[in-house]
$ cat coords-v6.cif   # mmCIF, C-alpha atoms
data_query
loop_
_atom_site.label_atom_id
_atom_site.label_comp_id
_atom_site.auth_asym_id
_atom_site.auth_seq_id
_atom_site.Cartn_x
_atom_site.Cartn_y
_atom_site.Cartn_z
CA MET A 119 -11.28 10.54 62.82
CA SER A 120 -10.48 14.17 63.63
CA LYS A 121 -10.69 16.05 66.89
CA VAL A 122 -11.55 19.76 66.92
CA LEU A 123 -11.46 22.22 69.80
CA ILE A 124 -14.45 24.57 69.89
CA LEU A 125 -13.78 28.01 71.39
CA PRO A 126 -16.91 30.19 71.05
CA GLY A 127 -15.34 33.09 72.96
CA ASP A 128 -17.37 36.23 73.54
CA GLY A 129 -20.31 38.20 72.18
CA ILE A 130 -21.71 37.01 68.88
CA GLY A 131 -18.86 34.52 68.68
CA GLN A 132 -20.97 32.20 70.79
CA GLU A 133 -24.03 32.71 68.57
CA VAL A 134 -22.33 32.08 65.23
CA VAL A 135 -20.36 29.07 66.46
CA ILE A 136 -23.65 27.40 67.42
CA GLN A 137 -24.66 27.56 63.76
CA ALA A 138 -21.31 26.16 62.63
CA LEU A 139 -21.79 23.26 65.04
CA LYS A 140 -25.12 22.48 63.38
CA VAL A 141 -23.25 22.07 60.11
CA ILE A 142 -20.64 19.82 61.71
CA ASP A 143 -23.38 17.70 63.30
CA SER A 144 -25.08 17.33 59.92
CA LEU A 145 -21.84 16.25 58.25
CA ASN A 146 -21.17 13.74 61.02
CA VAL A 147 -24.63 12.19 60.69
CA ASN A 148 -25.15 12.32 56.94
CA PHE A 149 -21.65 12.14 55.45
CA ASN A 150 -19.65 10.13 58.03
CA LEU A 151 -17.33 13.02 58.80
CA GLY A 152 -16.22 11.35 62.03
CA MET A 153 -15.35 14.59 63.82
CA THR A 154 -15.27 14.64 67.61
CA LEU A 155 -15.47 17.92 69.50
CA GLU A 156 -13.79 19.31 72.58
CA HIS A 157 -14.99 22.54 74.17
CA GLY A 158 -12.97 25.23 75.90
CA LEU A 159 -12.81 28.84 77.05
CA ILE A 160 -10.95 31.82 75.66
CA GLY A 161 -11.20 35.57 75.88
CA GLY A 162 -13.47 37.47 78.22
CA SER A 163 -15.61 34.47 79.06
CA ALA A 164 -12.45 32.61 80.07
CA TYR A 165 -11.32 35.51 82.24
CA ASP A 166 -14.69 35.61 84.00
CA ALA A 167 -14.53 31.89 84.73
CA THR A 168 -10.84 31.42 85.50
CA GLY A 169 -9.12 34.80 85.80
CA SER A 170 -7.14 34.21 82.60
CA PRO A 171 -8.04 34.98 78.96
CA LEU A 172 -6.29 31.73 77.97
CA PRO A 173 -6.57 29.05 80.69
CA GLN A 174 -3.89 26.39 80.71
CA ASP A 175 -6.60 23.73 80.25
CA THR A 176 -7.56 25.30 76.91
CA LEU A 177 -3.98 25.31 75.72
CA ASP A 178 -3.45 21.70 76.84
CA VAL A 179 -6.53 20.51 74.95
CA ALA A 180 -5.57 22.51 71.84
CA ARG A 181 -2.29 20.63 71.65
CA LYS A 182 -4.17 17.33 71.52
CA CYS A 183 -6.55 18.39 68.73
CA ASP A 184 -6.25 18.56 64.94
CA SER A 185 -7.79 22.02 64.58
CA ILE A 186 -9.55 24.82 66.43
CA LEU A 187 -12.84 26.52 65.56
CA LEU A 188 -12.99 29.97 67.16
CA GLY A 189 -15.84 32.45 67.46
CA ALA A 190 -14.59 35.89 68.54
CA VAL A 191 -13.10 37.54 71.61
CA GLY A 192 -13.45 40.87 73.35
CA GLY A 193 -16.10 43.30 74.48
CA TYR A 194 -16.68 46.55 76.34
CA LYS A 195 -16.89 44.94 79.77
CA TRP A 196 -13.23 43.86 79.73
CA GLU A 197 -11.66 47.02 78.30
CA SER A 198 -10.63 48.33 81.74
CA LEU A 199 -8.60 45.22 82.61
CA LEU A 200 -4.82 45.29 82.69
CA ARG A 201 -3.48 44.68 79.18
CA ASP A 202 -2.21 41.15 79.95
CA LEU A 203 -5.68 40.13 81.13
CA ARG A 204 -7.71 41.48 78.23
CA PRO A 205 -9.51 38.97 75.98
CA GLU A 206 -7.39 39.80 72.93
CA GLN A 207 -4.24 38.78 74.79
CA GLY A 208 -5.61 35.26 75.11
CA LEU A 209 -6.02 35.06 71.35
CA LEU A 210 -2.56 36.48 70.67
CA ARG A 211 -1.01 34.01 73.09
CA LEU A 212 -2.86 31.06 71.56
CA ARG A 213 -1.61 32.02 68.09
CA ALA A 214 1.93 32.28 69.42
CA GLU A 215 1.84 29.07 71.48
CA MET A 216 0.56 27.06 68.52
CA ASP A 217 2.89 28.93 66.12
CA LEU A 218 0.01 29.84 63.80
CA PHE A 219 2.16 32.08 61.64
CA SER A 220 0.25 31.92 58.34
CA ASN A 221 -3.08 33.75 58.33
CA LEU A 222 -5.21 33.13 55.24
CA ARG A 223 -7.93 35.70 54.66
CA PRO A 224 -9.89 35.24 51.44
CA ALA A 225 -11.94 38.12 50.06
CA ILE A 226 -14.57 36.62 47.79
CA LEU A 227 -17.61 38.44 46.48
CA TYR A 228 -20.55 36.10 46.03
CA SER A 229 -22.35 37.09 42.85
CA GLN A 230 -25.67 37.18 44.71
CA LEU A 231 -24.31 39.95 46.96
CA VAL A 232 -22.77 42.26 44.39
CA SER A 233 -25.33 44.97 45.20
CA ALA A 234 -24.33 44.82 48.87
CA SER A 235 -20.84 46.10 48.06
CA THR A 236 -20.31 49.84 48.25
CA LEU A 237 -18.26 49.73 45.02
CA LYS A 238 -19.57 49.62 41.47
CA GLU A 239 -20.50 46.21 40.09
CA GLU A 240 -17.89 46.31 37.33
CA VAL A 241 -15.16 46.94 39.92
CA VAL A 242 -15.97 44.05 42.27
CA LEU A 243 -17.95 41.42 40.36
CA GLY A 244 -15.87 38.25 40.29
CA LEU A 245 -13.57 39.36 43.10
CA ASP A 246 -11.55 36.46 44.54
CA LEU A 247 -8.30 37.32 46.25
CA MET A 248 -6.33 35.88 49.15
CA ILE A 249 -4.47 37.93 51.74
CA ILE A 250 -1.77 36.02 53.58
CA ARG A 251 -0.77 37.80 56.78
CA GLU A 252 2.21 36.89 58.93
CA LEU A 253 0.58 36.39 62.32
CA VAL A 254 3.00 35.73 65.17
CA SER A 255 5.81 38.24 64.68
CA GLY A 256 6.22 41.86 63.64
CA ILE A 257 5.21 44.92 65.59
CA TYR A 258 2.46 43.16 67.56
CA PHE A 259 5.04 40.95 69.25
CA GLY A 260 8.26 42.96 68.97
CA LYS A 261 10.18 44.16 72.01
CA PRO A 262 10.88 46.57 73.60
CA ARG A 263 7.39 47.98 73.92
CA GLY A 264 5.57 50.03 76.50
CA ILE A 265 4.57 53.45 77.83
CA GLU A 266 7.07 55.43 79.89
CA ILE A 267 7.64 58.92 81.16
CA ARG A 268 10.38 60.63 79.20
CA ASN A 269 11.28 64.31 79.34
CA GLY A 270 8.33 64.87 81.62
CA GLN A 271 5.68 63.43 79.30
CA ARG A 272 4.23 60.06 78.38
CA TYR A 273 6.08 58.21 75.64
CA GLY A 274 4.72 55.13 73.87
CA PHE A 275 6.83 52.76 71.80
CA ASN A 276 6.61 49.48 69.89
CA THR A 277 9.20 47.63 67.85
CA ALA A 278 8.68 46.18 64.37
CA THR A 279 11.01 43.21 63.96
CA TYR A 280 11.36 40.25 61.60
CA PHE A 281 13.98 37.54 61.34
CA GLU A 282 14.78 36.39 57.82
CA SER A 283 13.44 32.94 58.68
CA GLU A 284 10.06 34.40 59.71
CA ILE A 285 9.75 36.23 56.40
CA ARG A 286 10.86 33.21 54.43
CA ARG A 287 8.27 30.83 55.89
CA ILE A 288 5.33 33.17 55.30
CA GLY A 289 6.66 33.69 51.79
CA HIS A 290 6.63 29.93 51.22
CA SER A 291 2.96 29.87 52.29
CA ALA A 292 2.11 32.62 49.82
CA PHE A 293 3.91 31.06 46.86
CA GLU A 294 2.48 27.61 47.53
CA ILE A 295 -1.07 28.94 47.71
CA ALA A 296 -0.51 31.02 44.58
CA GLN A 297 0.47 27.82 42.76
CA LEU A 298 -3.05 26.54 43.49
CA ARG A 299 -4.64 29.76 42.23
CA ASN A 300 -3.55 32.14 39.45
CA LYS A 301 0.20 32.04 40.18
CA ARG A 302 0.63 35.69 41.14
CA VAL A 303 1.98 37.03 44.45
CA CYS A 304 2.07 40.69 45.41
CA SER A 305 4.39 41.31 48.36
CA VAL A 306 3.34 44.37 50.34
CA ASP A 307 5.78 46.45 52.37
CA LYS A 308 7.01 49.96 53.08
CA ALA A 309 10.60 49.36 52.02
CA ASN A 310 11.18 52.99 51.05
CA VAL A 311 11.15 54.11 54.70
CA LEU A 312 11.44 51.04 56.97
CA GLU A 313 14.52 48.84 57.25
CA VAL A 314 12.43 45.88 58.43
CA CYS A 315 10.49 46.16 55.17
CA GLU A 316 13.69 46.48 53.16
CA LEU A 317 14.69 43.08 54.53
CA TRP A 318 11.19 41.74 53.83
CA ARG A 319 11.49 42.67 50.17
CA LYS A 320 15.01 41.24 49.76
CA VAL A 321 13.93 37.91 51.25
CA MET A 322 10.84 37.71 49.02
CA ILE A 323 12.94 38.38 45.91
CA ASP A 324 15.38 35.65 46.90
CA LEU A 325 12.58 33.20 47.71
CA ALA A 326 10.88 33.75 44.36
CA LYS A 327 13.77 31.93 42.69
CA ASP A 328 12.34 28.69 44.16
CA TYR A 329 8.99 29.32 42.44
CA PRO A 330 9.72 30.18 38.80
CA ASP A 331 6.12 29.49 37.83
CA VAL A 332 4.80 32.26 40.13
CA GLU A 333 4.98 35.95 39.20
CA LEU A 334 6.20 38.14 42.08
CA SER A 335 5.44 41.85 42.29
CA HIS A 336 5.95 44.43 45.03
CA MET A 337 3.78 47.30 46.19
CA TYR A 338 3.92 49.79 49.05
CA VAL A 339 1.16 49.34 51.60
CA ASP A 340 -0.38 52.79 51.07
CA ASN A 341 -0.70 52.10 47.34
CA VAL A 342 -2.29 48.71 48.01
CA ALA A 343 -4.91 50.38 50.21
CA MET A 344 -5.75 52.65 47.30
CA GLN A 345 -5.68 49.89 44.70
CA LEU A 346 -8.02 47.68 46.74
CA VAL A 347 -10.79 50.23 46.29
CA ARG A 348 -9.77 51.25 42.77
CA ALA A 349 -9.12 47.92 41.03
CA PRO A 350 -9.14 45.02 43.51
CA LYS A 351 -9.34 42.29 40.88
CA GLN A 352 -5.75 42.99 39.85
CA PHE A 353 -4.65 40.96 42.90
CA ASP A 354 -4.46 37.20 43.29
CA VAL A 355 -2.39 36.54 46.44
CA ILE A 356 -1.20 39.35 48.70
CA VAL A 357 1.44 38.54 51.31
CA THR A 358 2.38 41.02 54.00
CA SER A 359 3.38 41.63 57.60
CA ASN A 360 1.26 41.31 60.71
CA MET A 361 0.14 44.93 61.05
CA PHE A 362 -0.25 45.67 57.34
CA GLY A 363 -2.22 42.45 56.89
CA ASP A 364 -4.49 43.33 59.79
CA VAL A 365 -5.50 46.60 58.14
CA LEU A 366 -5.63 45.47 54.50
CA SER A 367 -7.68 42.34 55.16
CA ASP A 368 -10.46 44.35 56.80
CA CYS A 369 -10.39 46.81 53.90
CA ALA A 370 -10.67 43.93 51.43
CA ALA A 371 -13.47 42.37 53.47
CA MET A 372 -15.72 45.37 52.94
CA LEU A 373 -15.39 45.03 49.17
CA THR A 374 -17.52 41.92 49.55
CA GLY A 375 -20.43 43.78 51.14
CA SER A 376 -20.06 42.54 54.70
CA ILE A 377 -17.34 41.45 57.07
CA GLY A 378 -19.86 38.83 58.20
CA MET A 379 -19.27 36.76 55.07
CA LEU A 380 -15.58 36.02 55.36
CA PRO A 381 -13.80 33.14 57.12
CA SER A 382 -10.11 32.86 57.89
CA ALA A 383 -7.47 30.26 58.65
CA SER A 384 -4.32 30.51 60.78
CA LEU A 385 -1.90 27.65 60.11
CA ASN A 386 1.36 26.34 61.47
CA GLN A 387 4.00 24.43 59.52
CA TYR A 388 2.32 21.09 60.25
CA GLY A 389 -1.11 22.00 58.88
CA PHE A 390 -2.69 22.51 62.29
CA GLY A 391 -5.06 25.42 62.00
CA MET A 392 -7.34 27.76 63.88
CA TYR A 393 -10.39 28.78 61.89
CA GLU A 394 -12.56 31.80 62.62
CA PRO A 395 -14.71 34.48 61.04
CA ILE A 396 -12.75 37.69 60.61
CA HIS A 397 -15.42 39.77 62.35
CA GLY A 398 -15.20 40.67 66.02
CA SER A 399 -17.44 39.94 68.98
CA ALA A 400 -19.85 42.82 68.17
CA PRO A 401 -21.27 43.23 71.69
CA ASP A 402 -23.70 45.86 70.42
CA ILE A 403 -25.72 43.19 68.60
CA GLU A 404 -25.13 40.30 71.00
CA GLY A 405 -28.24 38.29 71.83
CA ARG A 406 -30.40 39.89 69.14
CA ASP A 407 -30.35 36.99 66.64
CA ILE A 408 -29.12 39.26 63.83
CA ALA A 409 -25.45 38.29 63.50
CA ASN A 410 -24.42 36.72 60.20
CA PRO A 411 -23.22 33.14 60.85
CA LEU A 412 -22.04 32.43 57.31
CA ALA A 413 -18.42 33.39 57.97
CA SER A 414 -18.32 30.93 60.87
CA ILE A 415 -19.93 28.22 58.74
CA LEU A 416 -17.48 28.91 55.92
CA SER A 417 -14.65 28.68 58.45
CA VAL A 418 -15.63 25.04 58.87
CA ALA A 419 -15.26 24.63 55.11
CA MET A 420 -11.76 26.14 55.26
CA MET A 421 -10.88 23.79 58.11
CA LEU A 422 -12.00 20.77 56.09
CA ARG A 423 -9.99 21.95 53.09
CA TYR A 424 -6.72 23.09 54.66
CA SER A 425 -6.28 20.93 57.78
CA LEU A 426 -8.48 17.85 57.57
CA ASP A 427 -8.15 16.77 53.92
CA GLN A 428 -11.91 16.77 53.36
CA VAL A 429 -12.13 18.93 50.23
CA ASN A 430 -15.37 17.35 49.01
CA LEU A 431 -17.16 18.19 52.26
CA ALA A 432 -15.74 21.70 52.18
CA PHE A 433 -17.27 22.08 48.73
CA LYS A 434 -20.61 20.80 50.03
CA ILE A 435 -20.71 23.56 52.65
CA GLU A 436 -19.80 26.25 50.12
CA THR A 437 -22.44 24.94 47.72
CA ALA A 438 -25.06 24.98 50.49
CA VAL A 439 -24.23 28.60 51.35
CA ASN A 440 -24.54 29.55 47.68
CA ALA A 441 -27.90 27.79 47.46
CA VAL A 442 -29.26 29.72 50.45
CA LEU A 443 -28.10 32.99 48.92
CA ASP A 444 -29.60 32.01 45.55
CA LYS A 445 -32.97 31.69 47.27
CA GLY A 446 -32.72 35.27 48.52
CA TYR A 447 -32.20 34.68 52.23
CA ARG A 448 -30.18 37.39 53.93
CA THR A 449 -29.15 38.47 57.41
CA ARG A 450 -29.44 42.21 57.96
CA ASP A 451 -25.82 43.01 57.17
CA ILE A 452 -26.18 41.72 53.58
CA LEU A 453 -29.83 42.65 53.04
CA THR A 454 -30.64 44.45 49.80
CA GLU A 455 -33.91 45.18 48.05
CA GLY A 456 -35.91 42.02 47.43
CA GLY A 457 -34.04 39.91 49.98
CA ILE A 458 -35.73 37.77 52.63
CA VAL A 459 -34.42 38.78 56.03
CA VAL A 460 -33.67 35.96 58.46
CA GLY A 461 -31.97 35.76 61.83
CA THR A 462 -28.79 34.03 62.92
CA ASN A 463 -30.49 30.82 63.96
CA GLU A 464 -32.66 30.53 60.87
CA MET A 465 -29.73 31.16 58.54
CA GLY A 466 -27.88 28.27 60.17
CA ASN A 467 -30.89 26.02 59.75
CA LEU A 468 -31.24 26.96 56.09
CA VAL A 469 -27.64 26.00 55.35
CA VAL A 470 -28.11 22.65 57.10
CA GLU A 471 -31.25 21.98 55.03
CA GLU A 472 -29.25 22.48 51.84
CA LEU A 473 -26.59 20.04 53.02
CA VAL A 474 -28.92 17.07 53.34
#
$ encode --input "coords-v6.cif" --output "structure tokens"
Amino acid sequence: MSKVLILPGDGIGQEVVIQALKVIDSLNVNFNLGMTLEHGLIGGSAYDATGSPLPQDTLDVARKCDSILLGAVGGYKWESLLRDLRPEQGLLRLRAEMDLFSNLRPAILYSQLVSASTLKEEVVLGLDLMIIRELVSGIYFGKPRGIEIRNGQRYGFNTATYFESEIRRIGHSAFEIAQLRNKRVCSVDKANVLEVCELWRKVMIDLAKDYPDVELSHMYVDNVAMQLVRAPKQFDVIVTSNMFGDVLSDCAAMLTGSIGMLPSASLNQYGFGMYEPIHGSAPDIEGRDIANPLASILSVAMMLRYSLDQVNLAFKIETAVNAVLDKGYRTRDILTEGGIVVGTNEMGNLVVEELV
């Protein structure tokens, strides 16, 4: 019996999570999944209801659950709030409080969607790489930070910091996942100009001695950005810092044709995870029944695989998604010539039909 906290969040997050819940309900009824659900608030919707983007009640419930399924946070209506009250701060705090340091972002191109990618078929067909992003340290959390007046003008500053232990544990995640894949890790840094990256590289080299079966390579982040659009299939597992991973994972996502297809996992050392689509809250399409729910549905599959030891049910979800795509059904973001356009709700129903 597993207990999962559901945090729909804001914008289309609420719409796509509804479809993921349909899948969970189907697995509970038809495959004895035995998952119980708790529901909570985060982000802008939480601020509207409680005055905080991460209410204490949400955090308390999270600590009693086995995993979290998140939708998305943010939106135009909250952009004028003080920084500490903005929706994104609730998400950052939740990651930090639960110590979700290892962010797994797969970039997989489904063969049915090869024409939806902006790159040539021979460049992206068969793409399957994993970006592992350190998630609770680095420049997003480093101090000092702020905006001050210096020499009569505004001056903004942030601090990129990593302890050796923080680098080492994300490195362990990367090497262990590589052992389950093609046994290659590319560590991404900017060691030629940044001391924090020089340390990153030294720690990765030292750590590789514990994994003699895994090939370790190094690449500067600007080169990786270029290589992702030139020859992305050269990569198996990419491991990198918080900020670099943030940028590179979105770049890799677009190789697959749509950011709406990709799930993610954020794990702590005990296997507790938060699972979410990598797309944002997309307030411009909220309420129009056009958001792609497949990333949210596939996030459930990742949760079953990485936190709940239900690999067979994870495979069932992935097989159902493939079957729907095989039949030509597409939301607008992945629509190509000959596809059958469906809305958010119908796409969720179609996946559930393939599960039974």
$ residues_around --input "coords-v6.cif" --residues "Lys320 in chain A" --least-positions-apart "6" --cutoff "10 Å" --atoms "only C-alpha atoms" --output "number ranges by chain"
A: 282, 285, 309
$ atom_distance --input "coords-v6.cif" --atom1 "CA of His290 in chain A" --atom2 "CA of Cys315 in chain A"
17.1 Å
$ resolve_selection --input "coords-v6.cif" --expression "the PyMOL selection byres ((chain A and resi 128-132) around 9)" --output "NGL selection string"
:A and (125-127 or 133-136 or 160-164 or 188-193 or 205 or 395 or 397-405 or 407 or 409 or 414)
$ closest_residue --input "coords-v6.cif" --among "A:Ile288, A:Met379, A:Leu416, A:Leu231" --to "Glu455 in chain A" --atoms "all atoms listed in the file"
A:Leu231
$ resolve_selection --input "coords-v6.cif" --expression "the PyMOL selection byres ((chain A and resi 326-343) around 7)" --output "compact mmCIF listing (two decimals) with C-alpha atoms, in the coordinates of the input"
# COMPACT_ATOMS: atom_id res chain seq x y z
CA PHE A 293 3.91 31.06 46.86
CA GLN A 297 0.47 27.82 42.76
CA LYS A 301 0.20 32.04 40.18
CA ARG A 302 0.63 35.69 41.14
CA VAL A 303 1.98 37.03 44.45
CA CYS A 304 2.07 40.69 45.41
CA SER A 305 4.39 41.31 48.36
CA VAL A 306 3.34 44.37 50.34
CA ASP A 307 5.78 46.45 52.37
CA LYS A 308 7.01 49.96 53.08
CA MET A 322 10.84 37.71 49.02
CA ILE A 323 12.94 38.38 45.91
CA ASP A 324 15.38 35.65 46.90
CA LEU A 325 12.58 33.20 47.71
CA MET A 344 -5.75 52.65 47.30
CA GLN A 345 -5.68 49.89 44.70
CA LEU A 346 -8.02 47.68 46.74
CA PHE A 362 -0.25 45.67 57.34
CA LEU A 366 -5.63 45.47 54.50
$ resolve_selection --input "coords-v6.cif" --expression "the PyMOL selection byres ((chain A and resi 470) around 12)" --output "ChimeraX atom specification"
/A:137-148,412,415,434-439,441-442,463-469,471-474
$ closest_residue --input "coords-v6.cif" --among "A:Ile250, A:Cys183, A:Leu443, A:Leu172" --to "Leu209 in chain A" --atoms "all atoms listed in the file"
A:Leu172
$ closest_residue --input "coords-v6.cif" --among "A:Ser185, A:Asn410, A:Ser229, A:Ser220" --to "Thr374 in chain A" --atoms "only C-alpha atoms"
A:Ser229
$ atom_distance --input "coords-v6.cif" --atom1 "CA of Met119 in chain A" --atom2 "CA of Glu156 in chain A"
13.4 Å
$ closest_atom_pairs --input "coords-v6.cif" --of "range 367-405 of chain A" --to "range 351-359 of chain A" --cutoff "12 Å" --atoms "all atoms listed in the file" --output "JSON lines"
{"residue": "A:Ser367", "atom": "CA", "partner": "A:Ile356", "partner_atom": "CA", "distance": 9.6}
{"residue": "A:Ala370", "atom": "CA", "partner": "A:Lys351", "partner_atom": "CA", "distance": 10.8}
{"residue": "A:Leu373", "atom": "CA", "partner": "A:Lys351", "partner_atom": "CA", "distance": 10.6}
{"residue": "A:Thr374", "atom": "CA", "partner": "A:Lys351", "partner_atom": "CA", "distance": 11.9}
$ atom_distance --input "coords-v6.cif" --atom1 "CA of Ser120 in chain A" --atom2 "CA of Leu380 in chain A"
23.9 Å
$ closest_residue --input "coords-v6.cif" --among "A:Ile377, A:Val314, A:Ile458, A:Leu159" --to "Gly260 in chain A" --atoms "all atoms listed in the file"
A:Val314
$ closest_residue --input "coords-v6.cif" --among "A:Gly244, A:Pro173, A:Pro224, A:Gly152" --to "Ile396 in chain A" --atoms "all atoms listed in the file"
A:Pro224
$ axis_aligned_box --input "coords-v6.cif" --around "range 199-214 of chain A" --padding-each-side "6 Å" --output "lines of an AutoDock Vina configuration file"
center_x = -3.8
center_y = 38.2
center_z = 75.4
size_x = 23.4
size_y = 26.2
size_z = 26.6
$ closest_residue --input "coords-v6.cif" --among "A:Ala167, A:Leu247, A:Val241, A:Ile267" --to "Ile226 in chain A" --atoms "only C-alpha atoms"
A:Leu247
$ residues_near_point --input "coords-v6.cif" --point "(-29.2, 37.7, 60.0)" --cutoff "6 Å" --atoms "only C-alpha atoms" --output "PyMOL selection string"
chain A and resi 408-410+449-450+460-462
$ residues_near_point --input "coords-v6.cif" --point "(1.7, 35.3, 68.7)" --cutoff "7 Å" --atoms "all atoms listed in the file" --output "PyMOL selection string"
chain A and resi 210-215+217+253-255+259
$ write_last_selection --input "coords-v6.cif" --atoms "C-alpha atoms" --output "compact mmCIF listing (two decimals), keeping the file's coordinate frame"
# COMPACT_ATOMS: atom_id res chain seq x y z
CA LEU A 210 -2.56 36.48 70.67
CA ARG A 211 -1.01 34.01 73.09
CA LEU A 212 -2.86 31.06 71.56
CA ARG A 213 -1.61 32.02 68.09
CA ALA A 214 1.93 32.28 69.42
CA GLU A 215 1.84 29.07 71.48
CA ASP A 217 2.89 28.93 66.12
CA LEU A 253 0.58 36.39 62.32
CA VAL A 254 3.00 35.73 65.17
CA SER A 255 5.81 38.24 64.68
CA PHE A 259 5.04 40.95 69.25
$ residues_around --input "coords-v6.cif" --residues "Ala180 in chain A" --least-positions-apart "5" --cutoff "10 Å" --atoms "all atoms listed in the file" --output "list of chain:residue names"
A:Lys121, A:Val122, A:Leu123, A:Ile124, A:Leu125, A:Glu156, A:His157, A:Gly158, A:Gln174, A:Asp175, A:Ser185, A:Ile186, A:Leu212, A:Glu215, A:Met216, A:Phe390, A:Met392
